[in-house]
Amino acid sequence: MENMKNNMITKKDLFRASYRWLLGSQICWNYERMMSTGYLYTMLPFLEKKYGDNKEELQEMLETHNQFFNCNPMMGHFIVGIDLAIEEQEGFESKEVITGIKTGLMGPFAGVGDTIFGVLLPTVLGSIAAYMGQKGNVTGVIIWLLVNTAVCIARLTFLPFGYKQGLKLVNEFSDKLNALTDAAILLGVTVVGALIPTVITANVSFVYKSGEVTMKLQEILDQIMPALIPACLVALVYWLLGKKGMTSTKAILLVMALSIVFYNLKILG
Amino acid sequence: MELATWQIAILIIFSFFCILDNLTLVIGMQFPVIVGTIAGFIVGDVTLGLTIGATLQLMVLGVGTYGGASVPDFTTGAIVGTALAHVSGKGIEFALAIAVPVGLLMVQLDVLARFANTFFLHRIDKNIEDLNTKGIARNTVLGMFPWGLSRAIPVGIMLIFGQKVVDVIVNDMPDWLMGGLRVAGGLLPVVGIAVLLKYLPTNKYIAYLIAGFFCAAYLKVPMLGVAMVGLALAINHFNRKVGEDKKAEAVPVAAANTNLTIGGYEDGEYEE
Amino acid sequence: MIVNVRIDERLIHGQVATMWTNHLKANRIMVVDNDVVKNEMEKDVLKMAKPNSVKLSILTTKGASARIMDGQYDNQKVFLIVKNPETLVELVDSGVELAEVNVGNMSAKKGSKQVAKSIGVTPENIESFNYLNEKGVKLVAQMVPNEDKSSFMKLLKEGD
């Protein structure tokens, strides 16, 4: 284990792999093998170092790492780190194990990653930024930019972390995985609930006049529940999206059409 | 308010880099509210870009390119919408009328870019056969061009020719349409919210949805405040669940052993 | 009862984890492999990769056959996954009845022959397959549930 060849990865190598993944993971994304090229590109310097003297092994490993790979890019760092840790020690022997790990981990990691970085962060920060933006305040936008920058910098530590932890990471992670995903969804749903009355503008302009009596429909609705119309609209579109053939595009066009209709019927305004 | 050539040039380059940021650093150039603000800055009307971006943002809340799906590109919509609205002098209704169709049309170009990169994938396969590692690196990076151009070219076309089109439309925009679009601006967030709720396991967390709604509708708690409440509840839930999961793991192997007639497990075996 | 038997070197992954498990309505995935049982890392990956709603077993051939023969899983729907046909030969020899086996992913190795896009077989594998065939086990090749089932023995012969 003290063999020089088995401890060849330096801090510089890890950093280089980190930024290669950061910049290259999706740059050549395609339907056939998705992130395979990004993965290979990231592993390339190490592969040349490790298998350089054996043309056959190098070629097989190049092929191996150009196989189908798809994961959340933030989480991908961890997988490459773990891969490097294992291949550094076991080399060519570990080819099948590595493939198994890549294919086994990309699913669950994508689940967590997409939930936290793909849904939660944009939802919460996007809500705040958009809500402030509606009022002409750029503070939310700036906060979001700062958080994203922080995440970007943090990502550079993920691969070295995966490399150091290696197998342990998988063990400890599996306990926390479900809990983390659940907690993230919980937070997201809470925020979305608050969005409904906050960012949807549905002023019911309909006024009922009969002789002396003037009733503003909006006031009546507010008595029943504030933001009643927004809530009902969300429920309606939610239900529609469950129907076969309904897509978010159609929903958008439908809402636009209805807006125009109701505006002209003087119901909304 | 015509757009100067340098403004158009910068917007085109900006759109090229927005998609690249989306794929790499993720500083935020794929989010309409951020991009709209910057586009607004470039044309000289930050507030316009900000408000347009905000509405578009609410339409794509949490909608993402998971697993490689293509989604409406309201980022490009924000750029073009802001720029052309500025030219028209007509504000957010006009911007929406442009941004939404643009965003929906851009999906096709996204699909095209993803397909186009297959070309580089196959070149890399050949590089592997020839053990040409430099070629592998080069072809991977070249993938950025289909991506970037799929945004830059349409934006360029729309900005250069769009200005003339804008003039024509502006004079003919009737109130029934403009008013309707204004209302639409207020209602469209409904779609973004509904899509997100459909994607998440909302049923499981419906209590929290109601709690969030209550805080904002009745207590008038601002968004950041609700986020904090949500965070507190989430942390609590996380700690509780980790404790539960740990207990749950310890039990099954023992339980499985009790109704066996065969005896215990061999070294290393696992069963739950 | 065993609802499906699959040979897949990658064990639990993408297609297997979601499509097959859902299609079969399996409530247990049983991985049988004498080497995996000794490898903590592979076991951890399996625990992570398996779908939440499904229970997992990672057993030796001896342990698996003993438990199956004892009727421990009679009321469950078990999706049995192994890496190679040799493991199945051991199971069949200890009395486990396998009606049908689906050959999924077997990567190319030194001295192996590609009989299908993702199936490479060594001479040892071929011997095992022939043995299973003689014992009456139906061998098919089907990557995903909505694909057609091809006869594996036919693929094996065509590869010759």
# chains A, B, ... in the order shown; residues from 1 in each chain; ligands from 1
>>> residues_around(residues="Met143 of chain C", least_positions_apart="4", cutoff="10 Å", atoms="only C-alpha atoms", output="list in words")
Arg6, Asp8, Gln15, Val16, Trp20, Asn102, Val103, Gly104, Asn105, Ser118, Glu147, Asp148, Lys149 and Ser150 of chain C
>>> residues_around(residues="segment 113-126 of chain B", least_positions_apart="2", cutoff="7 Å", atoms="only C-alpha atoms", output="PDB file with C-alpha atoms, in the first residue's frame")
ATOM      1  CA  CYS A  28     -21.035  18.103 -24.265  1.00  0.00           C
ATOM      2  CA  TRP A  29     -24.295  16.663 -22.962  1.00  0.00           C
ATOM      3  CA  ASN A  30     -26.132  14.578 -25.531  1.00  0.00           C
ATOM      4  CA  TYR A  31     -29.070  12.191 -25.565  1.00  0.00           C
ATOM      5  CA  GLU A  32     -27.004   9.097 -26.271  1.00  0.00           C
ATOM      6  CA  THR A  37     -17.996  12.921 -22.059  1.00  0.00           C
TER       7      THR A  37
ATOM      8  CA  LEU B 109     -33.514  24.685 -30.003  1.00  0.00           C
ATOM      9  CA  ASP B 110     -32.552  23.177 -26.687  1.00  0.00           C
ATOM     10  CA  VAL B 111     -33.467  19.755 -28.051  1.00  0.00           C
ATOM     11  CA  ILE B 128     -10.526   6.569 -27.763  1.00  0.00           C
ATOM     12  CA  GLU B 129      -9.834   4.027 -30.460  1.00  0.00           C
ATOM     13  CA  ASP B 130      -6.820   6.032 -31.522  1.00  0.00           C
ATOM     14  CA  ILE B 136     -10.982  13.730 -26.315  1.00  0.00           C
ATOM     15  CA  ASN B 139     -14.118  17.477 -28.582  1.00  0.00           C
ATOM     16  CA  THR B 140     -15.625  17.630 -25.133  1.00  0.00           C
ATOM     17  CA  GLY B 143     -19.679  20.894 -27.124  1.00  0.00           C
ATOM     18  CA  PRO B 146     -24.000  23.930 -30.103  1.00  0.00           C
ATOM     19  CA  TRP B 147     -25.176  24.998 -26.666  1.00  0.00           C
ATOM     20  CA  SER B 150     -28.606  27.609 -29.883  1.00  0.00           C
TER      21      SER B 150
END
>>> closest_atom_pairs(of="chain A", to="chain C", cutoff="7 Å", atoms="only C-alpha atoms", output="Markdown table")
| residue | atom | partner | partner_atom | distance |
| --- | --- | --- | --- | --- |
| A:Gly100 | CA | C:Arg10 | CA | 4.9 |
| A:Ile101 | CA | C:Val45 | CA | 6.5 |
| A:Thr103 | CA | C:His13 | CA | 5.5 |
| A:Gly104 | CA | C:His13 | CA | 4.8 |
| A:Leu105 | CA | C:Ala49 | CA | 6.3 |
| A:Gly107 | CA | C:Gly14 | CA | 6.3 |
| A:Pro108 | CA | C:Ala49 | CA | 6.1 |
| A:Leu167 | CA | C:Met41 | CA | 5.8 |
| A:Val170 | CA | C:Asp44 | CA | 6.3 |
| A:Asn171 | CA | C:Asp44 | CA | 5.7 |
| A:Ser174 | CA | C:Met48 | CA | 5.6 |
>>> write_last_selection(atoms="N, CA and C atoms", output="PDB file, in the first residue's frame")
ATOM      1  N   GLY A 100     -20.046  -0.453 -11.471  1.00  0.00           N
ATOM      2  CA  GLY A 100     -21.167  -0.718 -10.585  1.00  0.00           C
ATOM      3  C   GLY A 100     -21.442   0.464  -9.672  1.00  0.00           C
ATOM      4  N   ILE A 101     -20.403   1.054  -9.150  1.00  0.00           N
ATOM      5  CA  ILE A 101     -20.581   2.190  -8.251  1.00  0.00           C
ATOM      6  C   ILE A 101     -21.163   3.387  -8.990  1.00  0.00           C
ATOM      7  N   THR A 103     -22.961   3.455 -11.750  1.00  0.00           N
ATOM      8  CA  THR A 103     -24.350   3.250 -12.108  1.00  0.00           C
ATOM      9  C   THR A 103     -25.238   3.137 -10.878  1.00  0.00           C
ATOM     10  N   GLY A 104     -24.690   2.597  -9.794  1.00  0.00           N
ATOM     11  CA  GLY A 104     -25.498   2.454  -8.593  1.00  0.00           C
ATOM     12  C   GLY A 104     -25.720   3.773  -7.877  1.00  0.00           C
ATOM     13  N   LEU A 105     -24.724   4.632  -7.907  1.00  0.00           N
ATOM     14  CA  LEU A 105     -24.842   5.876  -7.154  1.00  0.00           C
ATOM     15  C   LEU A 105     -25.498   7.009  -7.927  1.00  0.00           C
ATOM     16  N   GLY A 107     -28.124   7.336  -9.567  1.00  0.00           N
ATOM     17  CA  GLY A 107     -29.557   7.483  -9.336  1.00  0.00           C
ATOM     18  C   GLY A 107     -29.875   8.189  -8.033  1.00  0.00           C
ATOM     19  N   PRO A 108     -29.519   7.561  -6.904  1.00  0.00           N
ATOM     20  CA  PRO A 108     -29.839   8.180  -5.615  1.00  0.00           C
ATOM     21  C   PRO A 108     -29.230   9.571  -5.453  1.00  0.00           C
ATOM     22  N   LEU A 167     -15.176   5.176   0.522  1.00  0.00           N
ATOM     23  CA  LEU A 167     -16.233   4.241   0.842  1.00  0.00           C
ATOM     24  C   LEU A 167     -17.068   4.670   2.034  1.00  0.00           C
ATOM     25  N   VAL A 170     -20.319   6.721   1.352  1.00  0.00           N
ATOM     26  CA  VAL A 170     -21.507   6.008   0.923  1.00  0.00           C
ATOM     27  C   VAL A 170     -22.260   5.468   2.126  1.00  0.00           C
ATOM     28  N   ASN A 171     -21.510   4.912   3.045  1.00  0.00           N
ATOM     29  CA  ASN A 171     -22.106   4.336   4.240  1.00  0.00           C
ATOM     30  C   ASN A 171     -22.866   5.379   5.047  1.00  0.00           C
ATOM     31  N   SER A 174     -26.005   7.093   3.245  1.00  0.00           N
ATOM     32  CA  SER A 174     -27.261   6.377   3.047  1.00  0.00           C
ATOM     33  C   SER A 174     -28.227   6.579   4.204  1.00  0.00           C
TER      34      SER A 174
END
>>> interface_residues(of="chain C", to="chain B", cutoff="9 Å", atoms="only C-alpha atoms", output="list in words")
Met30, Val36, Val37, Lys38, Asn39, Glu40, Lys43, Lys55, Leu56, Ser57, Ile58, Leu59, Thr60, Lys62, Gly63, Ala66, Arg67, Asp70 and Gln72 of chain C
>>> write_last_selection(atoms="C-alpha atoms", output="PDB file, in the first residue's frame")
ATOM      1  CA  MET C  30     -32.333 -10.535  -3.473  1.00  0.00           C
ATOM      2  CA  VAL C  36     -20.304  -9.187  -2.918  1.00  0.00           C
ATOM      3  CA  VAL C  37     -21.207 -10.521   0.520  1.00  0.00           C
ATOM      4  CA  LYS C  38     -17.594  -9.964   1.561  1.00  0.00           C
ATOM      5  CA  ASN C  39     -17.306  -6.448   0.054  1.00  0.00           C
ATOM      6  CA  GLU C  40     -18.572  -3.723   2.413  1.00  0.00           C
ATOM      7  CA  LYS C  43     -23.028  -3.710  -0.110  1.00  0.00           C
ATOM      8  CA  LYS C  55     -36.564  -4.829   1.037  1.00  0.00           C
ATOM      9  CA  LEU C  56     -33.050  -5.960   0.272  1.00  0.00           C
ATOM     10  CA  SER C  57     -31.231  -9.245   0.785  1.00  0.00           C
ATOM     11  CA  ILE C  58     -27.562  -9.803   0.059  1.00  0.00           C
ATOM     12  CA  LEU C  59     -26.816 -13.494   0.449  1.00  0.00           C
ATOM     13  CA  THR C  60     -24.357 -16.259  -0.362  1.00  0.00           C
ATOM     14  CA  LYS C  62     -25.632 -21.380   0.341  1.00  0.00           C
ATOM     15  CA  GLY C  63     -27.648 -18.959   2.464  1.00  0.00           C
ATOM     16  CA  ALA C  66     -31.315 -22.631   2.274  1.00  0.00           C
ATOM     17  CA  ARG C  67     -33.787 -19.835   2.897  1.00  0.00           C
ATOM     18  CA  ASP C  70     -37.214 -23.313   3.641  1.00  0.00           C
ATOM     19  CA  GLN C  72     -39.085 -18.063   3.923  1.00  0.00           C
TER      20      GLN C  72
END
>>> closest_atom_pairs(of="chain B", to="chain A", cutoff="6 Å", atoms="only C-alpha atoms", output="Markdown table")
| residue | atom | partner | partner_atom | distance |
| --- | --- | --- | --- | --- |
| B:Leu23 | CA | A:Gln26 | CA | 5.6 |
| B:Thr24 | CA | A:Leu23 | CA | 4.6 |
| B:Leu25 | CA | A:Cys152 | CA | 5.9 |
| B:Ile27 | CA | A:Asn148 | CA | 5.0 |
| B:Ile34 | CA | A:Val141 | CA | 5.8 |
| B:Thr47 | CA | A:Gly136 | CA | 5.8 |
| B:Leu50 | CA | A:Gly133 | CA | 5.6 |
| B:Thr51 | CA | A:Gln134 | CA | 5.1 |
| B:Ala54 | CA | A:Ala130 | CA | 4.2 |
| B:Leu61 | CA | A:Thr123 | CA | 5.3 |
| B:Gly62 | CA | A:Val119 | CA | 4.4 |
| B:Arg114 | CA | A:Asn30 | CA | 4.7 |
| B:Phe115 | CA | A:Asn30 | CA | 5.7 |
| B:Asn117 | CA | A:Asn30 | CA | 5.2 |
| B:Thr118 | CA | A:Asn30 | CA | 5.4 |
| B:Ala137 | CA | A:Tyr41 | CA | 5.9 |
| B:Thr140 | CA | A:Cys28 | CA | 5.5 |
| B:Gly143 | CA | A:Cys28 | CA | 4.2 |
| B:Met144 | CA | A:Ile27 | CA | 5.4 |
| B:Gly180 | CA | A:Ile260 | CA | 3.7 |
| B:Val183 | CA | A:Ser259 | CA | 5.6 |
| B:Ala184 | CA | A:Ser259 | CA | 5.1 |
| B:Gly186 | CA | A:Thr201 | CA | 4.4 |
| B:Leu187 | CA | A:Ile200 | CA | 5.7 |
| B:Val190 | CA | A:Val234 | CA | 5.3 |
| B:Ala194 | CA | A:Tyr238 | CA | 4.8 |
| B:Tyr208 | CA | A:Thr190 | CA | 5.0 |
| B:Leu209 | CA | A:Gly193 | CA | 4.4 |
| B:Gly212 | CA | A:Ala194 | CA | 4.4 |
| B:Phe213 | CA | A:Ala194 | CA | 4.3 |
| B:Ala216 | CA | A:Ala194 | CA | 5.0 |
| B:Ala217 | CA | A:Pro197 | CA | 5.5 |
| B:Met223 | CA | A:Ile128 | CA | 5.9 |
| B:Ala227 | CA | A:Val191 | CA | 5.8 |
| B:Gly230 | CA | A:Leu187 | CA | 4.7 |
| B:Leu231 | CA | A:Leu187 | CA | 5.8 |
| B:Ala234 | CA | A:Ala183 | CA | 4.6 |
| B:Phe238 | CA | A:Ala179 | CA | 5.2 |
| B:Lys241 | CA | A:Ala179 | CA | 5.5 |
| B:Val242 | CA | A:Ala179 | CA | 5.9 |
>>> atom_distance(atom1="atom CA of Thr55 of chain B", atom2="atom CA of Leu196 of chain B")
15.5 Å
>>> closest_residue(among="A:Leu221, A:Ile229, A:Val204, A:Met215", to="Ile267 of chain A", atoms="only C-alpha atoms")
A:Val204
>>> closest_residue(among="C:Leu24, C:Ala116, C:Val137, C:Val54", to="Leu98 of chain C", atoms="only C-alpha atoms")
C:Val137
>>> select_by_dssp(residues="segment 14-244 of chain A", states="strand (DSSP E or B)", output="list in words")
Asn30, Met34, Phe69, Val204, Val207, Tyr208, Lys209, Ser210, Val213, Thr214, Met215 and Lys216 of chain A
>>> closest_residue(among="C:Glu158, C:Glu86, C:Glu124, C:Glu97", to="Gly136 of chain C", atoms="only C-alpha atoms")
C:Glu97
>>> decode(residues="segment 214-260 of chain A", atoms="N, CA and C atoms", output="PDB file, in the first residue's frame")
ATOM      1  N   THR A 214     -74.519  48.297  -3.922  1.00  0.00           N
ATOM      2  CA  THR A 214     -73.275  48.080  -4.680  1.00  0.00           C
ATOM      3  C   THR A 214     -72.428  47.095  -3.919  1.00  0.00           C
ATOM      4  N   MET A 215     -72.151  45.963  -4.548  1.00  0.00           N
ATOM      5  CA  MET A 215     -71.344  44.942  -3.861  1.00  0.00           C
ATOM      6  C   MET A 215     -70.088  44.653  -4.636  1.00  0.00           C
ATOM      7  N   LYS A 216     -68.970  44.845  -3.991  1.00  0.00           N
ATOM      8  CA  LYS A 216     -67.718  44.505  -4.653  1.00  0.00           C
ATOM      9  C   LYS A 216     -67.416  43.042  -4.359  1.00  0.00           C
ATOM     10  N   LEU A 217     -67.366  42.259  -5.398  1.00  0.00           N
ATOM     11  CA  LEU A 217     -67.176  40.817  -5.237  1.00  0.00           C
ATOM     12  C   LEU A 217     -65.877  40.497  -4.492  1.00  0.00           C
ATOM     13  N   GLN A 218     -64.837  41.277  -4.781  1.00  0.00           N
ATOM     14  CA  GLN A 218     -63.547  41.016  -4.148  1.00  0.00           C
ATOM     15  C   GLN A 218     -63.667  41.075  -2.628  1.00  0.00           C
ATOM     16  N   GLU A 219     -64.443  42.049  -2.127  1.00  0.00           N
ATOM     17  CA  GLU A 219     -64.569  42.177  -0.681  1.00  0.00           C
ATOM     18  C   GLU A 219     -65.235  40.954  -0.081  1.00  0.00           C
ATOM     19  N   ILE A 220     -66.267  40.498  -0.785  1.00  0.00           N
ATOM     20  CA  ILE A 220     -66.979  39.318  -0.288  1.00  0.00           C
ATOM     21  C   ILE A 220     -66.050  38.107  -0.247  1.00  0.00           C
ATOM     22  N   LEU A 221     -65.298  37.938  -1.323  1.00  0.00           N
ATOM     23  CA  LEU A 221     -64.379  36.812  -1.376  1.00  0.00           C
ATOM     24  C   LEU A 221     -63.352  36.900  -0.254  1.00  0.00           C
ATOM     25  N   ASP A 222     -62.876  38.120   0.020  1.00  0.00           N
ATOM     26  CA  ASP A 222     -61.881  38.277   1.070  1.00  0.00           C
ATOM     27  C   ASP A 222     -62.433  37.893   2.430  1.00  0.00           C
ATOM     28  N   GLN A 223     -63.743  38.094   2.601  1.00  0.00           N
ATOM     29  CA  GLN A 223     -64.364  37.709   3.872  1.00  0.00           C
ATOM     30  C   GLN A 223     -64.295  36.201   4.074  1.00  0.00           C
ATOM     31  N   ILE A 224     -64.476  35.501   2.963  1.00  0.00           N
ATOM     32  CA  ILE A 224     -64.447  34.041   3.055  1.00  0.00           C
ATOM     33  C   ILE A 224     -63.038  33.580   3.407  1.00  0.00           C
ATOM     34  N   MET A 225     -62.089  34.057   2.610  1.00  0.00           N
ATOM     35  CA  MET A 225     -60.690  33.719   2.875  1.00  0.00           C
ATOM     36  C   MET A 225     -59.824  34.662   2.044  1.00  0.00           C
ATOM     37  N   PRO A 226     -58.785  35.234   2.646  1.00  0.00           N
ATOM     38  CA  PRO A 226     -57.880  36.047   1.825  1.00  0.00           C
ATOM     39  C   PRO A 226     -57.200  35.161   0.777  1.00  0.00           C
ATOM     40  N   ALA A 227     -56.942  35.734  -0.403  1.00  0.00           N
ATOM     41  CA  ALA A 227     -56.272  35.004  -1.480  1.00  0.00           C
ATOM     42  C   ALA A 227     -57.052  33.758  -1.879  1.00  0.00           C
ATOM     43  N   LEU A 228     -58.379  33.861  -1.834  1.00  0.00           N
ATOM     44  CA  LEU A 228     -59.210  32.717  -2.191  1.00  0.00           C
ATOM     45  C   LEU A 228     -59.053  32.362  -3.667  1.00  0.00           C
ATOM     46  N   ILE A 229     -59.110  33.401  -4.516  1.00  0.00           N
ATOM     47  CA  ILE A 229     -59.000  33.147  -5.949  1.00  0.00           C
ATOM     48  C   ILE A 229     -57.636  32.551  -6.321  1.00  0.00           C
ATOM     49  N   PRO A 230     -56.536  33.139  -5.850  1.00  0.00           N
ATOM     50  CA  PRO A 230     -55.242  32.506  -6.137  1.00  0.00           C
ATOM     51  C   PRO A 230     -55.204  31.039  -5.732  1.00  0.00           C
ATOM     52  N   ALA A 231     -55.686  30.749  -4.538  1.00  0.00           N
ATOM     53  CA  ALA A 231     -55.658  29.362  -4.064  1.00  0.00           C
ATOM     54  C   ALA A 231     -56.481  28.476  -4.991  1.00  0.00           C
ATOM     55  N   CYS A 232     -57.674  28.949  -5.366  1.00  0.00           N
ATOM     56  CA  CYS A 232     -58.523  28.152  -6.252  1.00  0.00           C
ATOM     57  C   CYS A 232     -57.872  27.941  -7.613  1.00  0.00           C
ATOM     58  N   LEU A 233     -57.238  28.999  -8.118  1.00  0.00           N
ATOM     59  CA  LEU A 233     -56.587  28.868  -9.424  1.00  0.00           C
ATOM     60  C   LEU A 233     -55.468  27.841  -9.386  1.00  0.00           C
ATOM     61  N   VAL A 234     -54.682  27.870  -8.307  1.00  0.00           N
ATOM     62  CA  VAL A 234     -53.591  26.904  -8.195  1.00  0.00           C
ATOM     63  C   VAL A 234     -54.176  25.493  -8.155  1.00  0.00           C
ATOM     64  N   ALA A 235     -55.225  25.335  -7.371  1.00  0.00           N
ATOM     65  CA  ALA A 235     -55.857  24.017  -7.270  1.00  0.00           C
ATOM     66  C   ALA A 235     -56.364  23.572  -8.639  1.00  0.00           C
ATOM     67  N   LEU A 236     -56.954  24.517  -9.388  1.00  0.00           N
ATOM     68  CA  LEU A 236     -57.486  24.188 -10.707  1.00  0.00           C
ATOM     69  C   LEU A 236     -56.395  23.739 -11.664  1.00  0.00           C
ATOM     70  N   VAL A 237     -55.329  24.527 -11.748  1.00  0.00           N
ATOM     71  CA  VAL A 237     -54.242  24.181 -12.669  1.00  0.00           C
ATOM     72  C   VAL A 237     -53.552  22.887 -12.225  1.00  0.00           C
ATOM     73  N   TYR A 238     -53.422  22.707 -10.930  1.00  0.00           N
ATOM     74  CA  TYR A 238     -52.829  21.475 -10.391  1.00  0.00           C
ATOM     75  C   TYR A 238     -53.629  20.276 -10.867  1.00  0.00           C
ATOM     76  N   TRP A 239     -54.931  20.402 -10.767  1.00  0.00           N
ATOM     77  CA  TRP A 239     -55.823  19.313 -11.179  1.00  0.00           C
ATOM     78  C   TRP A 239     -55.724  19.077 -12.685  1.00  0.00           C
ATOM     79  N   LEU A 240     -55.699  20.183 -13.447  1.00  0.00           N
ATOM     80  CA  LEU A 240     -55.603  20.064 -14.896  1.00  0.00           C
ATOM     81  C   LEU A 240     -54.333  19.366 -15.332  1.00  0.00           C
ATOM     82  N   LEU A 241     -53.235  19.639 -14.611  1.00  0.00           N
ATOM     83  CA  LEU A 241     -51.956  19.048 -14.992  1.00  0.00           C
ATOM     84  C   LEU A 241     -51.958  17.545 -14.833  1.00  0.00           C
ATOM     85  N   GLY A 242     -52.919  17.054 -14.027  1.00  0.00           N
ATOM     86  CA  GLY A 242     -52.992  15.615 -13.849  1.00  0.00           C
ATOM     87  C   GLY A 242     -53.727  14.934 -14.989  1.00  0.00           C
ATOM     88  N   LYS A 243     -54.405  15.725 -15.809  1.00  0.00           N
ATOM     89  CA  LYS A 243     -55.181  15.143 -16.900  1.00  0.00           C
ATOM     90  C   LYS A 243     -54.263  14.794 -18.056  1.00  0.00           C
ATOM     91  N   LYS A 244     -54.618  13.699 -18.727  1.00  0.00           N
ATOM     92  CA  LYS A 244     -53.772  13.260 -19.833  1.00  0.00           C
ATOM     93  C   LYS A 244     -53.722  14.331 -20.920  1.00  0.00           C
ATOM     94  N   GLY A 245     -52.545  14.573 -21.445  1.00  0.00           N
ATOM     95  CA  GLY A 245     -52.408  15.497 -22.566  1.00  0.00           C
ATOM     96  C   GLY A 245     -52.157  16.917 -22.148  1.00  0.00           C
ATOM     97  N   MET A 246     -52.269  17.177 -20.846  1.00  0.00           N
ATOM     98  CA  MET A 246     -52.034  18.539 -20.375  1.00  0.00           C
ATOM     99  C   MET A 246     -50.551  18.742 -20.108  1.00  0.00           C
ATOM    100  N   THR A 247     -49.993  19.813 -20.609  1.00  0.00           N
ATOM    101  CA  THR A 247     -48.588  20.092 -20.328  1.00  0.00           C
ATOM    102  C   THR A 247     -48.500  21.482 -19.707  1.00  0.00           C
ATOM    103  N   SER A 248     -47.330  21.829 -19.177  1.00  0.00           N
ATOM    104  CA  SER A 248     -47.214  23.146 -18.556  1.00  0.00           C
ATOM    105  C   SER A 248     -47.343  24.238 -19.624  1.00  0.00           C
ATOM    106  N   THR A 249     -46.898  23.926 -20.840  1.00  0.00           N
ATOM    107  CA  THR A 249     -47.028  24.892 -21.929  1.00  0.00           C
ATOM    108  C   THR A 249     -48.497  25.202 -22.170  1.00  0.00           C
ATOM    109  N   LYS A 250     -49.314  24.151 -22.266  1.00  0.00           N
ATOM    110  CA  LYS A 250     -50.747  24.360 -22.508  1.00  0.00           C
ATOM    111  C   LYS A 250     -51.361  25.138 -21.347  1.00  0.00           C
ATOM    112  N   ALA A 251     -50.884  24.848 -20.147  1.00  0.00           N
ATOM    113  CA  ALA A 251     -51.422  25.548 -18.975  1.00  0.00           C
ATOM    114  C   ALA A 251     -51.117  27.030 -19.068  1.00  0.00           C
ATOM    115  N   ILE A 252     -49.913  27.359 -19.496  1.00  0.00           N
ATOM    116  CA  ILE A 252     -49.533  28.760 -19.635  1.00  0.00           C
ATOM    117  C   ILE A 252     -50.441  29.445 -20.650  1.00  0.00           C
ATOM    118  N   LEU A 253     -50.605  28.815 -21.804  1.00  0.00           N
ATOM    119  CA  LEU A 253     -51.437  29.416 -22.849  1.00  0.00           C
ATOM    120  C   LEU A 253     -52.880  29.546 -22.374  1.00  0.00           C
ATOM    121  N   LEU A 254     -53.337  28.560 -21.628  1.00  0.00           N
ATOM    122  CA  LEU A 254     -54.700  28.595 -21.120  1.00  0.00           C
ATOM    123  C   LEU A 254     -54.902  29.769 -20.178  1.00  0.00           C
ATOM    124  N   VAL A 255     -53.954  29.942 -19.265  1.00  0.00           N
ATOM    125  CA  VAL A 255     -54.050  31.043 -18.307  1.00  0.00           C
ATOM    126  C   VAL A 255     -54.042  32.376 -19.042  1.00  0.00           C
ATOM    127  N   MET A 256     -53.184  32.483 -20.035  1.00  0.00           N
ATOM    128  CA  MET A 256     -53.140  33.737 -20.797  1.00  0.00           C
ATOM    129  C   MET A 256     -54.471  33.993 -21.491  1.00  0.00           C
ATOM    130  N   ALA A 257     -55.017  32.955 -22.088  1.00  0.00           N
ATOM    131  CA  ALA A 257     -56.286  33.112 -22.781  1.00  0.00           C
ATOM    132  C   ALA A 257     -57.392  33.513 -21.811  1.00  0.00           C
ATOM    133  N   LEU A 258     -57.445  32.801 -20.689  1.00  0.00           N
ATOM    134  CA  LEU A 258     -58.478  33.118 -19.705  1.00  0.00           C
ATOM    135  C   LEU A 258     -58.321  34.530 -19.168  1.00  0.00           C
ATOM    136  N   SER A 259     -57.072  34.967 -18.992  1.00  0.00           N
ATOM    137  CA  SER A 259     -56.832  36.323 -18.506  1.00  0.00           C
ATOM    138  C   SER A 259     -57.465  37.334 -19.444  1.00  0.00           C
ATOM    139  N   ILE A 260     -57.230  37.136 -20.715  1.00  0.00           N
ATOM    140  CA  ILE A 260     -57.762  38.064 -21.700  1.00  0.00           C
ATOM    141  C   ILE A 260     -59.293  38.039 -21.672  1.00  0.00           C
TER     142      ILE A 260
END
